[in-house]
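Here is the file start37.cif (mmCIF, C-alpha atoms).
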```cif
data_coords
#
loop_
_atom_site.label_atom_id
_atom_site.label_comp_id
_atom_site.auth_asym_id
_atom_site.auth_seq_id
_atom_site.Cartn_x
_atom_site.Cartn_y
_atom_site.Cartn_z
CA MET A 1 102.23 89.81 118.27
CA ASP A 2 105.16 90.48 115.99
CA LEU A 3 107.83 92.06 118.17
CA PHE A 4 109.79 93.27 115.16
CA PHE A 5 106.97 95.68 114.38
CA GLY A 6 106.08 96.37 117.99
CA GLU A 7 105.61 100.12 117.44
CA GLY A 8 102.45 99.65 115.42
CA MET A 9 104.09 99.11 112.02
CA SER A 10 101.58 97.10 110.06
CA GLY A 11 104.10 95.91 107.48
CA ARG A 12 102.06 97.33 104.58
CA ASN A 13 105.06 99.31 103.23
CA ARG A 14 107.49 96.54 104.03
CA LYS A 15 108.76 94.32 101.25
CA ARG A 16 110.82 91.18 101.29
CA PHE A 17 113.74 91.19 98.87
CA GLY A 18 115.52 88.34 97.14
CA SER A 19 118.84 88.66 95.37
CA VAL A 20 120.92 86.99 92.69
CA THR A 21 124.67 87.48 92.29
CA GLY A 22 126.49 86.70 89.07
CA THR A 23 127.97 88.03 85.86
CA VAL A 24 126.01 90.21 83.43
CA VAL A 25 126.06 88.27 80.15
CA GLU A 26 123.65 90.41 78.13
CA LEU A 27 122.04 93.87 78.23
CA LEU A 28 119.29 94.55 75.70
CA PRO A 29 116.60 97.21 75.25
CA THR A 30 113.19 95.64 75.82
CA ILE A 31 109.72 95.67 74.36
CA MET A 32 106.90 95.74 76.91
CA GLY A 33 103.26 95.24 76.03
CA GLY A 34 104.10 95.23 72.32
CA ASN A 35 105.65 98.70 72.52
CA ARG A 36 109.29 99.63 72.29
CA THR A 37 110.61 101.27 75.45
CA ASN A 38 112.98 103.51 73.47
CA GLY A 39 115.98 102.39 75.50
CA CYS A 40 114.52 103.38 78.88
CA VAL A 41 114.04 99.78 80.00
CA MET A 42 116.74 97.16 79.65
CA LEU A 43 116.77 93.39 80.05
CA ALA A 44 119.85 92.31 81.99
CA SER A 45 120.71 88.61 81.80
CA LEU A 46 122.74 87.43 84.77
CA GLU A 47 124.60 84.11 84.97
CA ASP A 48 124.90 83.00 88.59
CA ARG A 49 127.78 80.97 90.04
CA GLU A 50 126.03 77.69 89.19
CA GLY A 51 125.61 78.68 85.52
CA ASN A 52 121.90 79.48 85.76
CA ILE A 53 120.51 82.46 83.84
CA VAL A 54 118.18 84.93 85.56
CA ASN A 55 116.74 87.92 83.69
CA PHE A 56 116.10 91.30 85.31
CA ILE A 57 114.06 94.19 83.98
CA VAL A 58 116.11 97.33 84.69
CA SER A 59 113.79 100.32 84.54
CA PRO A 60 114.26 104.00 85.39
CA SER A 61 112.97 103.16 88.89
CA THR A 62 115.75 100.60 89.50
CA TYR A 63 118.29 102.05 91.92
CA VAL A 64 121.85 101.29 90.78
CA VAL A 65 124.31 101.75 93.66
CA ASP A 66 126.58 104.75 93.12
CA PHE A 67 124.85 105.33 89.76
CA GLU A 68 127.35 102.99 88.09
CA THR A 69 126.73 102.03 84.48
CA LEU A 70 125.92 98.33 84.14
CA ALA A 71 127.94 96.49 81.49
CA VAL A 72 128.37 92.98 80.09
CA GLY A 73 131.07 91.12 82.04
CA MET A 74 130.39 92.99 85.28
CA ASN A 75 129.91 90.96 88.48
CA CYS A 76 126.74 92.28 90.11
CA THR A 77 124.00 91.57 92.58
CA PHE A 78 120.41 92.34 91.62
CA TRP A 79 117.62 92.62 94.19
CA TYR A 80 113.93 92.09 93.47
CA SER A 81 110.73 92.26 95.51
CA MET A 82 109.65 88.77 96.53
CA ASP A 83 106.12 90.18 96.93
CA ALA A 84 105.85 91.37 93.30
CA PRO A 85 104.25 89.17 90.65
CA ALA A 86 106.67 87.37 88.35
CA PRO A 87 105.89 85.46 85.15
CA LEU A 88 106.27 81.69 85.36
CA ILE A 89 108.83 81.42 82.58
CA TYR A 90 112.32 80.05 82.11
CA PRO A 91 114.72 81.61 82.58
CA PRO A 92 113.11 83.40 85.55
CA GLN A 93 112.50 87.11 85.11
CA TYR A 94 112.14 89.74 87.83
CA SER A 95 111.83 93.51 87.99
CA ALA A 96 115.05 94.80 89.53
CA VAL A 97 114.56 97.01 92.58
CA ALA A 98 118.31 97.62 93.00
CA ALA A 99 121.60 96.54 91.48
CA ALA A 100 125.21 96.83 92.61
CA GLN A 101 128.54 95.95 91.11
CA GLU A 102 130.51 93.59 93.33
CA LYS A 103 133.51 95.49 94.77
CA ASN A 104 136.12 94.55 97.34
CA GLY A 105 135.58 96.38 100.62
CA ARG A 106 132.00 97.35 99.79
CA MET A 107 128.99 95.52 101.16
CA VAL A 108 125.40 96.28 100.13
CA SER A 109 122.28 95.30 102.03
CA VAL A 110 118.74 95.80 100.71
CA GLY A 111 115.76 95.36 102.98
CA TYR A 112 113.43 96.69 105.62
CA PHE A 113 115.02 98.26 108.72
CA ASN A 114 112.85 98.77 111.82
CA SER A 115 112.77 101.67 114.32
CA SER A 116 116.03 100.40 115.87
CA LEU A 117 117.58 100.26 112.38
CA VAL A 118 117.84 96.46 112.51
CA ASN A 119 117.10 94.59 109.30
CA GLU A 120 114.25 92.13 109.00
CA ASP A 121 116.33 88.98 109.47
CA ARG A 122 118.12 90.60 112.44
CA THR A 123 121.61 90.20 110.96
CA LEU A 124 122.56 93.88 110.60
CA GLN A 125 122.09 96.96 112.77
CA LEU A 126 122.90 100.45 111.50
CA ASN A 127 124.64 103.04 113.67
CA LEU A 128 124.10 106.59 112.47
CA ASP A 129 126.69 109.10 113.67
CA GLY A 130 125.60 112.24 111.83
CA SER A 131 128.09 111.71 109.01
CA VAL A 132 126.04 109.07 107.18
CA ASP A 133 124.77 110.24 103.80
CA VAL A 134 121.01 109.49 103.60
CA ARG A 135 119.44 110.00 100.15
CA THR A 136 116.46 109.09 98.02
CA THR A 137 116.80 107.02 94.84
CA ASN A 138 117.03 110.18 92.75
CA ASN A 139 120.00 111.36 94.86
CA GLN A 140 118.14 114.00 96.90
CA TYR A 141 118.77 114.37 100.63
CA PHE A 142 116.23 112.34 102.61
CA GLN A 143 114.50 114.67 105.04
CA GLY A 144 113.25 112.14 107.61
CA SER A 145 114.46 109.20 109.63
CA PRO A 146 115.51 106.14 107.61
CA SER A 147 113.98 103.84 110.26
CA ASN A 148 110.88 101.85 109.31
CA HIS A 149 111.73 102.02 105.61
CA ASN A 150 113.06 99.76 102.87
CA LEU A 151 116.72 100.76 102.47
CA VAL A 152 119.76 100.19 100.28
CA VAL A 153 122.70 100.32 102.69
CA THR A 154 126.31 100.60 101.51
CA TYR A 155 128.94 99.84 104.14
CA GLY A 156 132.43 98.47 104.69
CA SER A 157 133.27 96.63 107.86
CA SER A 158 130.92 95.43 110.58
CA THR A 159 131.27 93.94 114.04
CA ARG A 160 131.08 90.19 114.60
CA SER A 161 128.19 90.60 117.03
CA ILE A 162 124.66 89.36 116.47
CA PRO A 163 123.32 91.42 114.85
CA ALA A 164 126.43 92.75 113.18
CA GLN A 165 126.72 96.50 113.61
CA THR A 166 128.03 98.99 111.10
CA THR A 167 128.20 102.70 110.42
CA PRO A 168 127.24 102.83 106.73
CA PHE A 169 128.86 104.94 104.03
CA LYS A 170 125.48 105.71 102.51
CA ILE A 171 121.80 104.89 102.93
CA VAL A 172 119.30 105.18 100.11
CA VAL A 173 115.63 105.13 101.12
CA LEU A 174 113.38 103.23 98.72
CA CYS A 175 110.36 105.52 98.96
CA ASP A 176 107.19 103.74 97.87
#
```
Could you show the structure in this file as structure tokens?
Amino acid sequence: MDLFFGEGMSGRNRKRFGSVTGTVVELLPTIMGGNRTNGCVMLASLEDREGNIVNFIVSPSTYVVDFETLAVGMNCTFWYSMDAPAPLIYPPQYSAVAAAQEKNGRMVSVGYFNSSLVNEDRTLQLNLDGSVDVRTTNNQYFQGSPSNHNLVVTYGSSTRSIPAQTTPFKIVVLCD
């Protein structure tokens, strides 16, 4: 029995997310399936700290934290679903689920949070005090509980406990 999903959560809406942090070195409109995307889909090339290039497809469904405009030279983290198919090409290419510019004093966590608002690897617990802004990816107020959802969590400081605890600035629910 998986205790993390002890309340009957089957895990069918749960996704595992990987991330890559680096510098955006190129942003180009893409062609998908032989058709131009008319600028709605971009290919972002990211150079990580080891000098490796990773490409991300940035589509209208990609949530960009604080709706910031991505630009060449920007230090960013991109998250992708580890459960989604990816072509076996070099450099690797993933569909971006979320992206965030690296900023001092701002932390971003992307992942599944259970009914106790603890993330899947049990490193972060969210404390909601009524002042936390909970939205959907299109910036509408989320009308339910953020527990048992995939979330993009923006926060500042956290405790040194295990799991670390924080009261986030903002939560964005990745509705499937």
Write out as a CSV table (one decimal) with C-alpha atoms, keeping the file's coordinate frame each polymer residue whose atoms come within 6 Å of A:Thr62, counting only C-alpha atoms; drop sequence neighbours fewer than 3 positions from it.
```csv
chain,number,residue,atom,x,y,z
A,58,VAL,CA,116.1,97.3,84.7
A,59,SER,CA,113.8,100.3,84.5
A,96,ALA,CA,115.0,94.8,89.5
A,97,VAL,CA,114.6,97.0,92.6
A,98,ALA,CA,118.3,97.6,93.0
```
Exercise for the section: Considering only C-alpha atoms, state which residue in the set A:Asn104, A:Gln140, A:Thr154, A:Thr21 is at the smallest distance from A:Leu46. Expected result: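 With only C-alpha atoms as the atom set, the closest residue is A:Thr21.
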Handout entry: Within-9 Å shell of (120.1, 85.0, 94.9) in input frame, all atoms listed in the file, as number ranges by chain
Key = A: 18-22, 48, 77-79
File dump, residues just selected, C-alpha atoms, as a tab-separated table (two decimals), keeping the file's coordinate frame:
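Result file again.tsv:
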```tsv
chain	number	residue	atom	x	y	z
A	18	GLY	CA	115.52	88.34	97.14
A	19	SER	CA	118.84	88.66	95.37
A	20	VAL	CA	120.92	86.99	92.69
A	21	THR	CA	124.67	87.48	92.29
A	22	GLY	CA	126.49	86.70	89.07
A	48	ASP	CA	124.90	83.00	88.59
A	77	THR	CA	124.00	91.57	92.58
A	78	PHE	CA	120.41	92.34	91.62
A	79	TRP	CA	117.62	92.62	94.19
```
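Using the PyMOL selection byres ((chain A and resi 39) around 10) on the file at hand returns these residues: A:Leu28, A:Pro29, A:Thr30, A:Ile31, A:Arg36, A:Thr37, A:Asn38, A:Cys40, A:Val41, A:Met42, A:Ser59.
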Residue members of the PyMOL selection byres ((chain A and resi 130) around 12) in the file shown, as a compact mmCIF listing (two decimals) with C-alpha atoms, keeping the file's coordinate frame:
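Below is the file that was written, result-v1.txt:
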```
# COMPACT_ATOMS: atom_id res chain seq x y z
CA ASN A 127 124.64 103.04 113.67
CA LEU A 128 124.10 106.59 112.47
CA ASP A 129 126.69 109.10 113.67
CA SER A 131 128.09 111.71 109.01
CA VAL A 132 126.04 109.07 107.18
CA ASP A 133 124.77 110.24 103.80
CA VAL A 134 121.01 109.49 103.60
CA SER A 145 114.46 109.20 109.63
CA THR A 167 128.20 102.70 110.42
CA PRO A 168 127.24 102.83 106.73
CA PHE A 169 128.86 104.94 104.03
CA LYS A 170 125.48 105.71 102.51
```
Practice task
Kindly resolve the PyMOL selection byres ((chain A and resi 157) around 12) on the present coordinates and return the residues as JSON, numbers by chain.
Solution key: {"A": [104, 105, 106, 107, 108, 124, 126, 154, 155, 156, 158, 159, 160, 164, 165, 166, 167, 168, 169]}
Practice task
Name the closest residue to A:Pro60 among the candidates A:Val152, A:Glu26, A:Gln143, A:Ser95; distances are taken between atoms, counting only C-alpha atoms.
Solution key: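 Using only C-alpha atoms, A:Pro60 sits closest to A:Ser95.
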Problem - A:Thr69 environment, 10 Å, only C-alpha atoms, sequence neighbours closer than 3 positions dropped, as an NGL selection string - result: :A and (64-66 or 74 or 100-101)
Draw an axis-aligned box tight on the listed atoms of stretch 87-104 of chain A, then pad every side by 5 Å and write out centre and edge lengths in Å to one decimal as AutoDock Vina command-line options.
```
--center_x 121.0 --center_y 88.8 --center_z 89.7 --size_x 40.2 --size_y 27.6 --size_z 25.2
```
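With atom CA of A:Val173 on one side and atom CA of A:Thr136 on the other, the separation reads 5.1 Å.
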Exercise for the section: Give me, please, the distance in Å between atom CA of A:Val110 and atom CA of A:Asn52, quoted to one decimal. Expected result: 22.4 Å
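Minimum atom-to-atom distances from A:Ser161, A:Ser61, A:Asn55, A:Thr23 to A:Tyr94 were compared using all atoms listed in the file, and the lowest value belongs to A:Asn55.
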Practice task
Provide the atom CA of A:Glu47 to atom CA of A:Val72 distance in Å, to one decimal place.
Solution key: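 Separation of atom CA of A:Glu47 and atom CA of A:Val72: 10.8 Å.
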Handout entry: Neighbour residues at most 8 Å from (111.3, 88.3, 108.4) (all atoms listed in the file) as a ChimeraX atom specification
Key = /A:16,120-121
Exercise for the section: Kindly indicate which residue among A:Ile162, A:Gly144, A:Lys103, A:Pro85 lies nearest to A:Arg122, using all atoms listed in the file for the distances. Expected result: A:Ile162
File output, stretch 40-83 of chain A (C-alpha atoms) as a PDB file, in the first residue's frame:
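The resulting file, decode.pdb, is reproduced below:
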```
ATOM      1  CA  CYS A  40       2.309  30.172 -31.159  1.00  0.00           C
ATOM      2  CA  VAL A  41       4.884  27.486 -30.399  1.00  0.00           C
ATOM      3  CA  MET A  42       8.522  28.280 -29.724  1.00  0.00           C
ATOM      4  CA  LEU A  43      11.638  26.141 -29.431  1.00  0.00           C
ATOM      5  CA  ALA A  44      13.721  27.285 -26.461  1.00  0.00           C
ATOM      6  CA  SER A  45      17.307  26.027 -26.379  1.00  0.00           C
ATOM      7  CA  LEU A  46      18.751  25.949 -22.884  1.00  0.00           C
ATOM      8  CA  GLU A  47      22.447  25.531 -22.049  1.00  0.00           C
ATOM      9  CA  ASP A  48      22.840  23.939 -18.624  1.00  0.00           C
ATOM     10  CA  ARG A  49      25.712  24.579 -16.208  1.00  0.00           C
ATOM     11  CA  GLU A  50      27.761  21.750 -17.747  1.00  0.00           C
ATOM     12  CA  GLY A  51      27.425  23.211 -21.259  1.00  0.00           C
ATOM     13  CA  ASN A  52      24.837  20.687 -22.471  1.00  0.00           C
ATOM     14  CA  ILE A  53      22.005  21.870 -24.713  1.00  0.00           C
ATOM     15  CA  VAL A  54      18.416  20.817 -23.987  1.00  0.00           C
ATOM     16  CA  ASN A  55      15.530  21.947 -26.207  1.00  0.00           C
ATOM     17  CA  PHE A  56      12.053  22.716 -24.889  1.00  0.00           C
ATOM     18  CA  ILE A  57       8.848  23.143 -26.853  1.00  0.00           C
ATOM     19  CA  VAL A  58       7.091  26.169 -25.322  1.00  0.00           C
ATOM     20  CA  SER A  59       3.429  26.036 -26.301  1.00  0.00           C
ATOM     21  CA  PRO A  60       0.400  28.086 -25.257  1.00  0.00           C
ATOM     22  CA  SER A  61      -0.212  25.448 -22.553  1.00  0.00           C
ATOM     23  CA  THR A  62       3.226  26.012 -20.969  1.00  0.00           C
ATOM     24  CA  TYR A  63       2.817  27.933 -17.718  1.00  0.00           C
ATOM     25  CA  VAL A  64       5.463  30.657 -17.394  1.00  0.00           C
ATOM     26  CA  VAL A  65       5.746  31.826 -13.777  1.00  0.00           C
ATOM     27  CA  ASP A  66       4.463  35.376 -13.313  1.00  0.00           C
ATOM     28  CA  PHE A  67       3.751  35.493 -17.072  1.00  0.00           C
ATOM     29  CA  GLU A  68       7.299  36.729 -17.684  1.00  0.00           C
ATOM     30  CA  THR A  69       8.500  36.966 -21.270  1.00  0.00           C
ATOM     31  CA  LEU A  70      11.273  34.472 -21.985  1.00  0.00           C
ATOM     32  CA  ALA A  71      14.354  35.936 -23.677  1.00  0.00           C
ATOM     33  CA  VAL A  72      17.795  34.865 -24.867  1.00  0.00           C
ATOM     34  CA  GLY A  73      20.347  35.282 -22.063  1.00  0.00           C
ATOM     35  CA  MET A  74      17.801  34.664 -19.304  1.00  0.00           C
ATOM     36  CA  ASN A  75      18.657  32.113 -16.593  1.00  0.00           C
ATOM     37  CA  CYS A  76      15.641  29.820 -16.301  1.00  0.00           C
ATOM     38  CA  THR A  77      14.392  26.486 -15.106  1.00  0.00           C
ATOM     39  CA  PHE A  78      12.121  24.461 -17.376  1.00  0.00           C
ATOM     40  CA  TRP A  79       9.987  21.578 -16.092  1.00  0.00           C
ATOM     41  CA  TYR A  80       8.722  18.692 -18.203  1.00  0.00           C
ATOM     42  CA  SER A  81       6.583  15.615 -17.578  1.00  0.00           C
ATOM     43  CA  MET A  82       8.785  12.560 -17.140  1.00  0.00           C
ATOM     44  CA  ASP A  83       5.754  10.461 -18.114  1.00  0.00           C
TER      45      ASP A  83
END
```
